Each structure stands twice: as structure tokens, then as C-alpha cells.
file coords.pdb (PDB, C-alpha atoms)
ATOM      1  CA  MET V  82      14.639   6.643  19.674
ATOM      2  CA  ALA V  83      14.223   3.021  20.742
ATOM      3  CA  GLY V  84      11.410   0.587  21.330
ATOM      4  CA  VAL V  85       9.807   0.220  17.889
ATOM      5  CA  LYS V  86       7.585  -2.772  17.145
ATOM      6  CA  LEU V  87       5.307  -3.411  14.170
ATOM      7  CA  ILE V  88       2.336  -5.733  14.607
ATOM      8  CA  GLY V  89       1.370  -7.098  11.217
ATOM      9  CA  ALA V  90       1.211  -9.913   8.694
ATOM     10  CA  ARG V  91       3.343 -10.250   5.578
ATOM     11  CA  PRO V  92       0.555 -10.298   2.933
ATOM     12  CA  SER V  93      -1.195  -7.135   4.144
ATOM     13  CA  PRO V  94      -0.790  -4.144   1.783
ATOM     14  CA  PHE V  95      -1.362  -1.860   4.761
ATOM     15  CA  VAL V  96       1.451  -3.453   6.760
ATOM     16  CA  ILE V  97       3.700  -3.205   3.691
ATOM     17  CA  ARG V  98       3.177   0.562   3.693
ATOM     18  CA  VAL V  99       4.503   0.855   7.226
ATOM     19  CA  GLU V 100       7.481  -1.416   6.549
ATOM     20  CA  ILE V 101       8.500   0.739   3.587
ATOM     21  CA  ALA V 102       8.200   3.942   5.621
ATOM     22  CA  LEU V 103      10.332   2.448   8.403
ATOM     23  CA  ASN V 104      12.921   1.349   5.848
ATOM     24  CA  LEU V 105      13.007   4.787   4.232
ATOM     25  CA  LYS V 106      13.881   6.285   7.598
ATOM     26  CA  SER V 107      16.389   3.482   8.392
ATOM     27  CA  ILE V 108      14.547   2.614  11.602
ATOM     28  CA  ASP V 109      15.333  -0.654  13.359
ATOM     29  CA  TYR V 110      12.155  -2.377  14.490
ATOM     30  CA  GLU V 111      10.812  -5.677  15.748
ATOM     31  CA  PHE V 112       8.174  -7.380  13.582
ATOM     32  CA  SER V 113       5.443  -9.139  15.565
ATOM     33  CA  GLU V 114       3.759 -11.576  13.151
ATOM     34  CA  GLU V 115      -0.005 -12.015  13.396
ATOM     35  CA  ILE V 116      -1.725 -15.189  12.187
ATOM     36  CA  TYR V 117      -4.626 -14.431   9.854
ATOM     37  CA  GLY V 118      -7.989 -15.000  11.525
ATOM     38  CA  CYS V 119      -6.542 -14.937  15.046
ATOM     39  CA  PHE V 120      -6.174 -11.950  17.339
ATOM     40  CA  SER V 121      -3.135 -11.966  19.575
ATOM     41  CA  LYS V 122      -3.388 -10.483  23.046
ATOM     42  CA  LEU V 123      -0.898  -7.833  21.975
ATOM     43  CA  LEU V 124      -3.060  -6.772  19.028
ATOM     44  CA  LEU V 125      -6.268  -6.654  21.078
ATOM     45  CA  LYS V 126      -4.514  -4.583  23.712
ATOM     46  CA  SER V 127      -2.898  -2.265  21.171
ATOM     47  CA  ASN V 128      -5.923  -1.741  18.890
ATOM     48  CA  PRO V 129      -9.034  -2.572  20.956
ATOM     49  CA  VAL V 130     -11.326  -0.439  18.762
ATOM     50  CA  HIS V 131     -10.771  -1.913  15.286
ATOM     51  CA  LYS V 132      -8.801  -5.051  16.241
ATOM     52  CA  LYS V 133      -6.790  -4.987  13.010
ATOM     53  CA  ILE V 134      -3.288  -4.569  11.678
ATOM     54  CA  PRO V 135      -1.006  -2.731  11.316
ATOM     55  CA  VAL V 136      -0.166  -1.288  14.693
ATOM     56  CA  LEU V 137       3.080   0.525  15.401
ATOM     57  CA  ILE V 138       4.252   0.491  19.005
ATOM     58  CA  HIS V 139       6.774   3.199  19.765
ATOM     59  CA  ASP V 140       8.027   3.550  23.323
ATOM     60  CA  ASP V 141       5.010   1.535  24.550
ATOM     61  CA  LYS V 142       2.521   3.793  22.740
ATOM     62  CA  ALA V 143       0.313   2.301  20.019
ATOM     63  CA  ILE V 144      -0.429   4.054  16.715
ATOM     64  CA  CYS V 145      -3.056   2.519  14.397
ATOM     65  CA  GLU V 146      -4.116   2.798  10.718
ATOM     66  CA  SER V 147      -1.434   2.543   8.039
ATOM     67  CA  LEU V 148      -1.540   6.053   6.582
ATOM     68  CA  ILE V 149      -1.656   7.623  10.041
ATOM     69  CA  ILE V 150       1.336   5.496  11.048
ATOM     70  CA  VAL V 151       3.266   6.625   7.947
ATOM     71  CA  GLN V 152       2.579  10.258   8.853
ATOM     72  CA  TYR V 153       3.668   9.605  12.448
ATOM     73  CA  ILE V 154       6.927   8.026  11.288
ATOM     74  CA  ASP V 155       7.641  11.026   9.076
ATOM     75  CA  GLU V 156       6.992  13.494  11.884
ATOM     76  CA  VAL V 157       8.940  11.658  14.604
ATOM     77  CA  TRP V 158      11.991  10.591  12.613
ATOM     78  CA  THR V 159      13.056  13.716  10.761
ATOM     79  CA  SER V 160      16.370  12.378   9.456
ATOM     80  CA  GLY V 161      16.580  11.713   5.743
ATOM     81  CA  HIS V 162      14.113  13.005   3.191
ATOM     82  CA  SER V 163      10.539  13.798   4.159
ATOM     83  CA  ILE V 164       7.838  11.311   3.176
ATOM     84  CA  LEU V 165       5.071  13.914   3.092
ATOM     85  CA  PRO V 166       5.426  17.013   0.899
ATOM     86  CA  SER V 167       6.589  20.134   2.722
ATOM     87  CA  ASP V 168       4.123  22.447   0.936
ATOM     88  CA  PRO V 169       0.708  22.463   2.699
ATOM     89  CA  TYR V 170      -1.262  22.284  -0.565
ATOM     90  CA  ASP V 171       0.856  19.431  -1.923
ATOM     91  CA  ARG V 172       0.535  17.634   1.410
ATOM     92  CA  ALA V 173      -3.253  17.987   1.382
ATOM     93  CA  THR V 174      -3.405  16.781  -2.227
ATOM     94  CA  ALA V 175      -1.289  13.726  -1.432
ATOM     95  CA  ARG V 176      -3.592  12.884   1.490
ATOM     96  CA  PHE V 177      -6.634  13.263  -0.765
ATOM     97  CA  TRP V 178      -5.336  10.780  -3.338
ATOM     98  CA  ALA V 179      -4.119   8.389  -0.645
ATOM     99  CA  ALA V 180      -7.659   8.361   0.791
ATOM    100  CA  TYR V 181      -8.981   7.736  -2.738
ATOM    101  CA  ILE V 182      -6.664   4.735  -3.087
ATOM    102  CA  ASP V 183      -7.847   3.348   0.260
ATOM    103  CA  GLU V 184     -11.468   3.778  -0.762
ATOM    104  CA  LYS V 185     -11.204   2.351  -4.272
ATOM    105  CA  CYS V 186      -8.251  -0.026  -4.504
ATOM    106  CA  PHE V 187      -8.985  -2.410  -1.643
ATOM    107  CA  SER V 188     -12.696  -2.702  -2.456
ATOM    108  CA  SER V 189     -12.017  -3.171  -6.186
ATOM    109  CA  LEU V 190      -9.453  -5.903  -5.534
ATOM    110  CA  SER V 191     -11.913  -7.652  -3.210
ATOM    111  CA  GLU V 192     -14.681  -7.426  -5.812
ATOM    112  CA  LEU V 193     -12.378  -8.886  -8.443
ATOM    113  CA  ARG V 194     -11.347 -11.805  -6.260
ATOM    114  CA  LEU V 195     -14.947 -12.613  -5.300
ATOM    115  CA  ALA V 196     -16.425 -12.151  -8.772
ATOM    116  CA  LYS V 197     -18.320 -15.142 -10.191
ATOM    117  CA  GLY V 198     -17.964 -15.909 -13.871
ATOM    118  CA  GLU V 199     -16.043 -14.129 -16.588
ATOM    119  CA  ASN V 200     -18.496 -11.239 -16.998
ATOM    120  CA  GLU V 201     -18.341 -10.296 -13.317
ATOM    121  CA  LYS V 202     -14.553 -10.612 -13.326
ATOM    122  CA  LEU V 203     -14.257  -8.414 -16.397
ATOM    123  CA  ALA V 204     -16.555  -5.761 -14.898
ATOM    124  CA  ALA V 205     -14.592  -5.739 -11.626
ATOM    125  CA  ALA V 206     -11.284  -5.589 -13.508
ATOM    126  CA  ASN V 207     -12.526  -2.645 -15.567
ATOM    127  CA  ARG V 208     -13.465  -0.730 -12.406
ATOM    128  CA  LEU V 209      -9.981  -1.326 -11.048
ATOM    129  CA  PHE V 210      -8.429  -0.343 -14.350
ATOM    130  CA  GLU V 211     -10.402   2.941 -14.416
ATOM    131  CA  MET V 212      -8.904   3.799 -11.034
ATOM    132  CA  LEU V 213      -5.398   3.119 -12.340
ATOM    133  CA  VAL V 214      -5.971   5.232 -15.460
ATOM    134  CA  LEU V 215      -6.993   8.132 -13.224
ATOM    135  CA  LEU V 216      -3.875   7.664 -11.092
ATOM    136  CA  GLU V 217      -1.825   7.615 -14.305
ATOM    137  CA  GLU V 218      -3.145  11.123 -14.976
ATOM    138  CA  VAL V 219      -2.333  12.179 -11.415
ATOM    139  CA  PHE V 220       1.202  10.867 -11.811
ATOM    140  CA  VAL V 221       1.726  12.676 -15.125
ATOM    141  CA  ASP V 222       0.393  15.944 -13.667
ATOM    142  CA  ASN V 223       2.589  15.563 -10.596
ATOM    143  CA  CYS V 224       5.697  14.880 -12.655
ATOM    144  CA  SER V 225       5.053  17.923 -14.823
ATOM    145  CA  THR V 226       5.143  20.083 -11.681
ATOM    146  CA  GLU V 227       8.096  18.155 -10.198
ATOM    147  CA  GLY V 228      10.251  18.481 -13.294
ATOM    148  CA  GLY V 229       9.757  14.963 -14.587
ATOM    149  CA  LYS V 230      10.745  13.095 -11.431
ATOM    150  CA  GLY V 231      10.379   9.319 -11.080
ATOM    151  CA  PHE V 232       7.896   9.121  -8.199
ATOM    152  CA  PHE V 233       4.686  10.770  -7.018
ATOM    153  CA  GLY V 234       6.858  12.237  -4.267
ATOM    154  CA  GLY V 235       9.460  13.661  -6.653
ATOM    155  CA  ASP V 236      12.835  12.011  -7.161
ATOM    156  CA  LYS V 237      12.365   9.828  -4.057
ATOM    157  CA  ILE V 238       9.544   7.686  -2.701
ATOM    158  CA  GLY V 239       6.934   9.740  -0.871
ATOM    159  CA  TYR V 240       3.557   9.429   0.818
ATOM    160  CA  LEU V 241       1.432   8.761  -2.246
ATOM    161  CA  ASP V 242       3.990   6.276  -3.594
ATOM    162  CA  ILE V 243       3.708   4.331  -0.352
ATOM    163  CA  ALA V 244      -0.103   4.505  -0.383
ATOM    164  CA  LEU V 245      -0.349   2.928  -3.842
ATOM    165  CA  GLY V 246       2.829   0.865  -3.714
ATOM    166  CA  GLY V 247       1.544  -1.246  -0.839
ATOM    167  CA  PHE V 248      -0.997  -2.729  -3.246
ATOM    168  CA  LEU V 249       1.417  -3.586  -6.071
ATOM    169  CA  GLY V 250       1.787  -7.224  -5.041
ATOM    170  CA  TRP V 251      -1.972  -7.728  -4.963
ATOM    171  CA  LEU V 252      -2.388  -5.930  -8.297
ATOM    172  CA  LYS V 253      -0.011  -8.433  -9.863
ATOM    173  CA  ALA V 254      -1.912 -11.280  -8.216
ATOM    174  CA  ALA V 255      -5.166  -9.852  -9.598
ATOM    175  CA  GLU V 256      -3.683  -9.848 -13.090
ATOM    176  CA  LYS V 257      -3.138 -13.593 -12.712
ATOM    177  CA  LEU V 258      -6.727 -14.131 -11.588
ATOM    178  CA  VAL V 259      -8.256 -12.455 -14.634
ATOM    179  CA  SER V 260      -5.471 -13.149 -17.144
ATOM    180  CA  MET V 261      -5.237  -9.495 -18.147
ATOM    181  CA  LYS V 262      -2.834  -6.619 -17.573
ATOM    182  CA  LEU V 263      -4.041  -3.949 -15.168
ATOM    183  CA  LEU V 264      -0.889  -1.877 -15.438
ATOM    184  CA  ASP V 265      -0.959  -1.649 -19.220
ATOM    185  CA  GLU V 266       2.049  -0.364 -21.174
ATOM    186  CA  LYS V 267      -0.234   1.326 -23.710
ATOM    187  CA  ARG V 268      -2.751   2.947 -21.361
ATOM    188  CA  THR V 269      -0.766   3.314 -18.130
ATOM    189  CA  PRO V 270       2.864   3.471 -19.314
ATOM    190  CA  GLU V 271       3.947   5.987 -16.688
ATOM    191  CA  LEU V 272       2.543   3.895 -13.844
ATOM    192  CA  MET V 273       4.280   0.834 -15.248
ATOM    193  CA  GLY V 274       7.600   2.672 -15.145
ATOM    194  CA  TRP V 275       6.812   4.000 -11.683
ATOM    195  CA  ALA V 276       6.017   0.469 -10.423
ATOM    196  CA  GLU V 277       9.344  -0.864 -11.696
ATOM    197  CA  ARG V 278      11.275   1.946 -10.005
ATOM    198  CA  PHE V 279       9.293   1.543  -6.789
ATOM    199  CA  ILE V 280       9.878  -2.210  -6.484
ATOM    200  CA  ALA V 281      13.589  -1.773  -7.268
ATOM    201  CA  ASP V 282      14.112   0.749  -4.462
ATOM    202  CA  ASN V 283      16.185  -0.501  -1.529
ATOM    203  CA  ALA V 284      13.427   0.431   0.927
ATOM    204  CA  VAL V 285      10.983  -1.835  -0.918
ATOM    205  CA  LYS V 286      13.138  -4.828  -1.879
ATOM    206  CA  GLY V 287      12.059  -7.946  -0.017
ATOM    207  CA  VAL V 288       8.976  -6.302   1.498
ATOM    208  CA  ILE V 289       6.325  -7.069  -1.138
ATOM    209  CA  PRO V 290       5.570 -10.822  -1.321
ATOM    210  CA  GLU V 291       5.835 -12.693  -4.616
ATOM    211  CA  THR V 292       2.671 -13.196  -6.668
ATOM    212  CA  GLU V 293       2.431 -16.944  -6.035
ATOM    213  CA  GLU V 294       2.745 -16.419  -2.282
ATOM    214  CA  LEU V 295      -0.179 -13.988  -2.339
ATOM    215  CA  LEU V 296      -2.311 -16.302  -4.483
ATOM    216  CA  GLU V 297      -1.651 -19.183  -2.080
ATOM    217  CA  PHE V 298      -2.541 -16.959   0.865
ATOM    218  CA  ALA V 299      -5.811 -15.902  -0.803
ATOM    219  CA  LYS V 300      -6.676 -19.517  -1.571
ATOM    220  CA  LYS V 301      -5.993 -20.655   1.982
ATOM    221  CA  TYR V 302      -7.309 -17.826   4.133
ATOM    222  CA  LEU V 303      -9.587 -15.378   2.330
ATOM    223  CA  PRO V 304     -13.350 -15.870   1.818
ATOM    224  CA  LYS V 305     -14.295 -17.746  -1.344
ATOM    225  CA  ALA V 306     -16.537 -16.340  -4.074
TER     226      ALA V 306
END

call {"tool": "encode", "arguments": {"input": "coords.pdb", "output": "C-alpha cells"}}
result
Amino acid sequence: MAGVKLIGARPSPFVIRVEIALNLKSIDYEFSEEIYGCFSKLLLKSNPVHKKIPVLIHDDKAICESLIIVQYIDEVWTSGHSILPSDPYDRATARFWAAYIDEKCFSSLSELRLAKGENEKLAAANRLFEMLVLLEEVFVDNCSTEGGKGFFGGDKIGYLDIALGGFLGWLKAAEKLVSMKLLDEKRTPELMGWAERFIADNAVKGVIPETEELLEFAKKYLPKA
């Protein structure tokens, strides 16, 4: 199938999700770069309701919202391994935790960046850390049922890996902001190992921006505390 375009911006964790899914399926696509704070005519036409990235355009049809786009990619391009679990219960569970990540991770990272003073930063960091500890438990439980595989999705990157993995760059940037480890080798050792495997995967290499690039972006474009 031809005619694949991704409207996005490099720092966005939600755009990163879609890039990884496209790479997993070996799909050639055109990347249409958006400038933060400006809406291109293409974006407004493609996502007139929410006016936000990412948007996938496939054969002149627009699909919006990162997790929905990932599901669409998995359903349309069936070559290679499946991104979503084949079992209905496992698929529903993966969607549940992906929704949890969307609800908690983005808001917690925003709270941390906007926190004033050390006490507020520490409180925001602890809320983020609690989320990661819970996901550590989810990962351990998943691996026990998957025979000790390296990813949430088994022995290859899957839906839940993509949902959380899109935020890895910003998690590392957050660690710099508060001078503390969020992925802790004592309390979240399995997630630390997972993160290393995820970033090293060929579908992910070069997609997640470096920490300093994200910090510079936040300094230049995002609202100040």
C-alpha cells in the first residue's frame, strides 16, 4: 500500500509511538514536520477537531490519536509480527495499561516540569515513580506468563512497549531536571532492562531524541513554571 504520511514533530512522545510502529512494519512513509505552536494547513485539514499531532495520512485518509494510529497500522499492515496481542483478553489488558500510561505519564511529567521549588519537584517525581513501580509489577507479571520474554509484548516489541517507550526520552530528561533516577536499578530493575532493550531495537534507534535536545526544546517552547 502506498501514500503514507506522518504529520508530527520530533520531540512528541506520541509521534514517536507512531514512528516506531511504522518501523516495526517496515513501512516507507513521508514525515511532515510541524513547528511547535503553529498549525499547518495540512494539520488543520487532517485533524480539525483536536488540531494536534500525530496524524497518519494513508491513501488520503487521516487517522488521529497515537494509540489508535498504532492499532490501525497493525490491522492494515499484517506482515511481520503483530503489535497487539492476538488473544482478546491480552489485547484488552494491553489497551487498559496503555490508557493508564496516557492518563498518568504525560500529566506527571508536566507536573514535574512545572513544579516550583524542591518540595514540589520531589512530590511530582514521587508520583511519577509510583506509576513506574506499578508498571514494573505489570512487566514482571506479563513476563511470568510469557515465559520470561524481554518485552511487554513477549520476545518482540508490542503495543504496551510502544505506549510506554514513547515517553522514555522525556523520562530521562525528567531525571536531569530533578537530579534523581526514576528508573531505579533497585526498585525498577526489570523496567531498566526493558528500557535498554527497547532503545537498542532497530525499530527504535534514531527515533527518540537525545536528552539534551529535549531539555533545549522544553526550555525554548514549553510553558514555564

call {"tool": "residues_around", "arguments": {"input": "coords.pdb", "residues": "stretch 161-166 of chain V", "least_positions_apart": "4", "cutoff": "6 Å", "atoms": "all atoms listed in the file", "output": "JSON, numbers by chain"}}
result
{"V": [155, 171, 172, 239, 240]}

call {"tool": "residues_around", "arguments": {"input": "coords.pdb", "residues": "V:Ile116", "least_positions_apart": "6", "cutoff": "10 Å", "atoms": "only C-alpha atoms", "output": "CSV table (one decimal) with C-alpha atoms, in the frame of the given file"}}
result
chain,number,residue,atom,x,y,z
V,89,GLY,CA,1.4,-7.1,11.2
V,90,ALA,CA,1.2,-9.9,8.7
V,91,ARG,CA,3.3,-10.2,5.6

call {"tool": "atom_distance", "arguments": {"input": "coords.pdb", "atom1": "atom CA of V:Ile289", "atom2": "atom CA of V:Phe95"}}
result
11.0 Å

call {"tool": "atom_distance", "arguments": {"input": "coords.pdb", "atom1": "atom CA of V:Ser167", "atom2": "atom CA of V:Ala281"}}
result
25.1 Å

call {"tool": "closest_residue", "arguments": {"input": "coords.pdb", "among": "V:Glu192, V:Glu256, V:Asp109, V:Glu100", "to": "V:Leu296", "atoms": "all atoms listed in the file"}}
result
V:Glu256

call {"tool": "closest_residue", "arguments": {"input": "coords.pdb", "among": "V:Ala276, V:Ile88, V:Leu241, V:Cys224", "to": "V:Leu137", "atoms": "all atoms listed in the file"}}
result
V:Ile88

call {"tool": "atom_distance", "arguments": {"input": "coords.pdb", "atom1": "atom CA of V:Ile134", "atom2": "atom CA of V:Leu103"}}
result
15.7 Å

call {"tool": "residues_around", "arguments": {"input": "coords.pdb", "residues": "V:Asp242", "least_positions_apart": "3", "cutoff": "10 Å", "atoms": "only C-alpha atoms", "output": "PyMOL selection string"}}
result
chain V and resi 98+164+175+179+220+232-235+237-239+245-247+275-276+279

call {"tool": "write_last_selection", "arguments": {"input": "coords.pdb", "atoms": "C-alpha atoms", "output": "mmCIF file, in the coordinates of the input"}}
result
data_model
loop_
_atom_site.group_PDB
_atom_site.id
_atom_site.type_symbol
_atom_site.label_atom_id
_atom_site.label_comp_id
_atom_site.auth_asym_id
_atom_site.auth_seq_id
_atom_site.Cartn_x
_atom_site.Cartn_y
_atom_site.Cartn_z
ATOM 1 C CA ARG V 98 3.177 0.562 3.693
ATOM 2 C CA ILE V 164 7.838 11.311 3.176
ATOM 3 C CA ALA V 175 -1.289 13.726 -1.432
ATOM 4 C CA ALA V 179 -4.119 8.389 -0.645
ATOM 5 C CA PHE V 220 1.202 10.867 -11.811
ATOM 6 C CA PHE V 232 7.896 9.121 -8.199
ATOM 7 C CA PHE V 233 4.686 10.770 -7.018
ATOM 8 C CA GLY V 234 6.858 12.237 -4.267
ATOM 9 C CA GLY V 235 9.460 13.661 -6.653
ATOM 10 C CA LYS V 237 12.365 9.828 -4.057
ATOM 11 C CA ILE V 238 9.544 7.686 -2.701
ATOM 12 C CA GLY V 239 6.934 9.740 -0.871
ATOM 13 C CA LEU V 245 -0.349 2.928 -3.842
ATOM 14 C CA GLY V 246 2.829 0.865 -3.714
ATOM 15 C CA GLY V 247 1.544 -1.246 -0.839
ATOM 16 C CA TRP V 275 6.812 4.000 -11.683
ATOM 17 C CA ALA V 276 6.017 0.469 -10.423
ATOM 18 C CA PHE V 279 9.293 1.543 -6.789
#

call {"tool": "residues_near_point", "arguments": {"input": "coords.pdb", "point": "(7.9, 1.2, 17.1)", "cutoff": "10 Å", "atoms": "all atoms listed in the file", "output": "PyMOL selection string"}}
result
chain V and resi 82-88+103+108-112+136-144+150+154

call {"tool": "resolve_selection", "arguments": {"input": "coords.pdb", "expression": "the PyMOL selection byres ((chain V and resi 198-212) around 7)", "output": "number ranges by chain"}}
result
V: 186, 189, 192-193, 196-197, 213-216, 259, 263

call {"tool": "closest_residue", "arguments": {"input": "coords.pdb", "among": "V:Val157, V:Cys145, V:Leu258, V:Ile243", "to": "V:Glu297", "atoms": "only C-alpha atoms"}}
result
V:Leu258

call {"tool": "closest_residue", "arguments": {"input": "coords.pdb", "among": "V:Asn283, V:Thr269, V:Thr292, V:Ser188", "to": "V:Lys253", "atoms": "only C-alpha atoms"}}
result
V:Thr292

call {"tool": "closest_residue", "arguments": {"input": "coords.pdb", "among": "V:Val96, V:Leu195, V:Gly250, V:Glu217", "to": "V:Ile149", "atoms": "only C-alpha atoms"}}
result
V:Val96

call {"tool": "closest_residue", "arguments": {"input": "coords.pdb", "among": "V:Asp183, V:Phe177, V:Lys106, V:Ser113", "to": "V:Trp158", "atoms": "only C-alpha atoms"}}
result
V:Lys106
